[in-house]
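Reviewing the structure listed below.
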Amino acid sequence: MLIGAWVAAVLVAGCGTTPSTAGPAASSPAADKSLILATTTSTQDSGLLDELLPAFTRDSGWQVKTLAVGSGQAIELGRRGEADVLLVHSPAAEEKFVAEGSAGSRRLVMHNDFVLLGPPADAAKIRGTKSAEALKRIADARAAFVSRGDESGTHAKEKDIWSKAAVTPGGSWYQSTGQGMGETLRVASEKAGYTLSDRATYLTQRDTLELEVLSEGDPSLLNVYHVIEMTKKAGDRVRPEGAKAFADWIVAAPAQQLIGAYGKEKFGQPLFTPDAGADEAKLGQ
C-alpha cells in the first residue's frame, strides 16, 4: 500500500491523540493548532508518548496526531510533506535526509541502547559476547533470528551489526516480520528466537516474553533520537510553526525532565536519557 494512501486512511480513522470533532475542520479552533508527528514505534510501544504528548498539548495548545512507524517510514512521510515533525533514531538516514534540503532543524533529544535478546536456553551461546560476535554465533548455529525488516532505525542498526560480523543473513533461520518492535518481540518469543530491540520497548513488555537480554553494553548499541522540523519545502500542508513548537518543547528543561524520569518508578531505571544540548560525540561514555 502506498504510504500516502495509508496515511490518509489512518487519519480518517482518527489515529493519534486528537479526538474527532463535529463540524468542518477549518472552523474548529483545535484544527487550527493540530500537527502530525511521525515517529518510531519504540516511542509509542514504550509508553513515552503517552507521557509526553498530553503535557505538550497542555503547555502549548497544539494537538498532536501521531503516526508511529519505523524511522525509515517516518522520514519518508516527512519527505512527502505528510508529517510536520519527526522524532526518529536512525542517524545516518537522518543526516542524509536533512542534506536533501526539505527539512529544517535537527536536534538531539535523548538516547538509550539496543540489546540482543534470546531464549533463556541460548542455544547459540551468545550470552555476554559483543554484538558482532553474537550475531556471528547465531548465524553459525542457524538459530532462529527475527528481524523487523522494516527499514526502521532498529533494522538499520541490525544490518550494521551483521556487516561488522561479516555475515549476510538469509535462509529459513532468518525471518522478517515487517512489523514494529512490539510485534517483532512477540514473534521472537513465540519462536524461541533471537532479536535486536531497543531496551525501552523490551522492558515495557518483558513480563509477557520468554526472552532475556543476552548481549548488551557494546558502544555500537547506542540508540540516539533526534527531532527534525519539516518546512514548506516538503509540501504546502506542512505546519512549520507546529513543528517548531514541538521541537522547542521537547528539548526544553521540563520535557527533558519528564524523559529522564520516565520508567524509574516502574522499572527502577529510566527508559531514556535526556540529551538536549549535550555533545553527541560523548554520549554513552
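Letters A, B, ... mark the chains of the C-alpha cells in the order given; residue numbers begin at 1 per chain; ligand numbers begin at 1, in order shown.
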* Residues at most 9 Å from Gln205 of chain A, counting only C-alpha atoms, excluding those fewer than 5 positions away in the same chain, as number ranges by chain? -> A: 45-46, 182, 185-186, 200
Please write the residues from the selection above to a file, keeping all heavy atoms, as an mmCIF file, in the first residue's frame.
data_model
loop_
_atom_site.group_PDB
_atom_site.id
_atom_site.type_symbol
_atom_site.label_atom_id
_atom_site.label_comp_id
_atom_site.auth_asym_id
_atom_site.auth_seq_id
_atom_site.Cartn_x
_atom_site.Cartn_y
_atom_site.Cartn_z
ATOM 1 N N ASP A 45 5.521 2.215 21.675
ATOM 2 C CA ASP A 45 5.454 0.931 22.370
ATOM 3 C C ASP A 45 6.006 1.016 23.789
ATOM 4 O O ASP A 45 5.601 0.246 24.663
ATOM 5 C CB ASP A 45 6.220 -0.141 21.590
ATOM 6 C CG ASP A 45 5.532 -0.521 20.282
ATOM 7 O OD1 ASP A 45 4.348 -0.173 20.115
ATOM 8 O OD2 ASP A 45 6.187 -1.154 19.430
ATOM 9 N N SER A 46 6.937 1.933 24.019
ATOM 10 C CA SER A 46 7.497 2.099 25.360
ATOM 11 C C SER A 46 6.584 2.882 26.279
ATOM 12 O O SER A 46 6.800 2.921 27.499
ATOM 13 C CB SER A 46 8.849 2.814 25.283
ATOM 14 O OG SER A 46 8.669 4.152 24.828
ATOM 15 N N GLY A 182 7.159 -4.028 19.040
ATOM 16 C CA GLY A 182 6.337 -4.840 19.925
ATOM 17 C C GLY A 182 5.938 -6.162 19.302
ATOM 18 O O GLY A 182 6.055 -7.229 19.922
ATOM 19 N N LEU A 185 8.976 -8.516 18.882
ATOM 20 C CA LEU A 185 9.319 -9.175 20.142
ATOM 21 C C LEU A 185 8.396 -10.357 20.408
ATOM 22 O O LEU A 185 8.842 -11.428 20.855
ATOM 23 C CB LEU A 185 9.227 -8.177 21.298
ATOM 24 C CG LEU A 185 10.351 -7.151 21.404
ATOM 25 C CD1 LEU A 185 10.017 -6.114 22.466
ATOM 26 C CD2 LEU A 185 11.677 -7.830 21.722
ATOM 27 N N ARG A 186 7.115 -10.179 20.151
ATOM 28 C CA ARG A 186 6.160 -11.263 20.377
ATOM 29 C C ARG A 186 6.495 -12.470 19.506
ATOM 30 O O ARG A 186 6.498 -13.615 19.985
ATOM 31 C CB ARG A 186 4.737 -10.792 20.078
ATOM 32 C CG ARG A 186 3.669 -11.834 20.388
ATOM 33 C CD ARG A 186 2.306 -11.395 19.896
ATOM 34 N NE ARG A 186 2.247 -11.299 18.445
ATOM 35 C CZ ARG A 186 2.130 -12.356 17.634
ATOM 36 N NH1 ARG A 186 2.056 -13.579 18.136
ATOM 37 N NH2 ARG A 186 2.067 -12.189 16.327
ATOM 38 N N ALA A 200 14.005 0.098 25.892
ATOM 39 C CA ALA A 200 12.756 0.608 26.470
ATOM 40 C C ALA A 200 11.572 -0.273 26.108
ATOM 41 O O ALA A 200 10.758 -0.632 26.970
ATOM 42 C CB ALA A 200 12.516 2.042 26.017
#
* Step one, run DSSP on the backbone; step two, keep only residues of segment 82-154 of chain A assigned to strand (DSSP E); then write them as a count of residues only. => 23
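The smallest atom-to-atom distance between Ala134 of chain A and any of A:Lys164, A:Arg79, A:Arg199, A:His89, using only C-alpha atoms, is found for A:Lys164.
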* **Test item: residues at most 6 Å from segment 121-130 of chain A, only C-alpha atoms, excluding those fewer than 2 positions along its chain, as a list in words** =>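 My list of contacting residues is Pro119, Ala132, Glu133, Ala134, Arg137, Ile138, Ala141, Leu214 and Ser215 of chain A.
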* Structure fact -> With distances taken over only C-alpha atoms, the candidate from A:Ile228, A:Ala192, A:Met110, A:Ala166 nearest Thr39 of chain A is A:Ile228
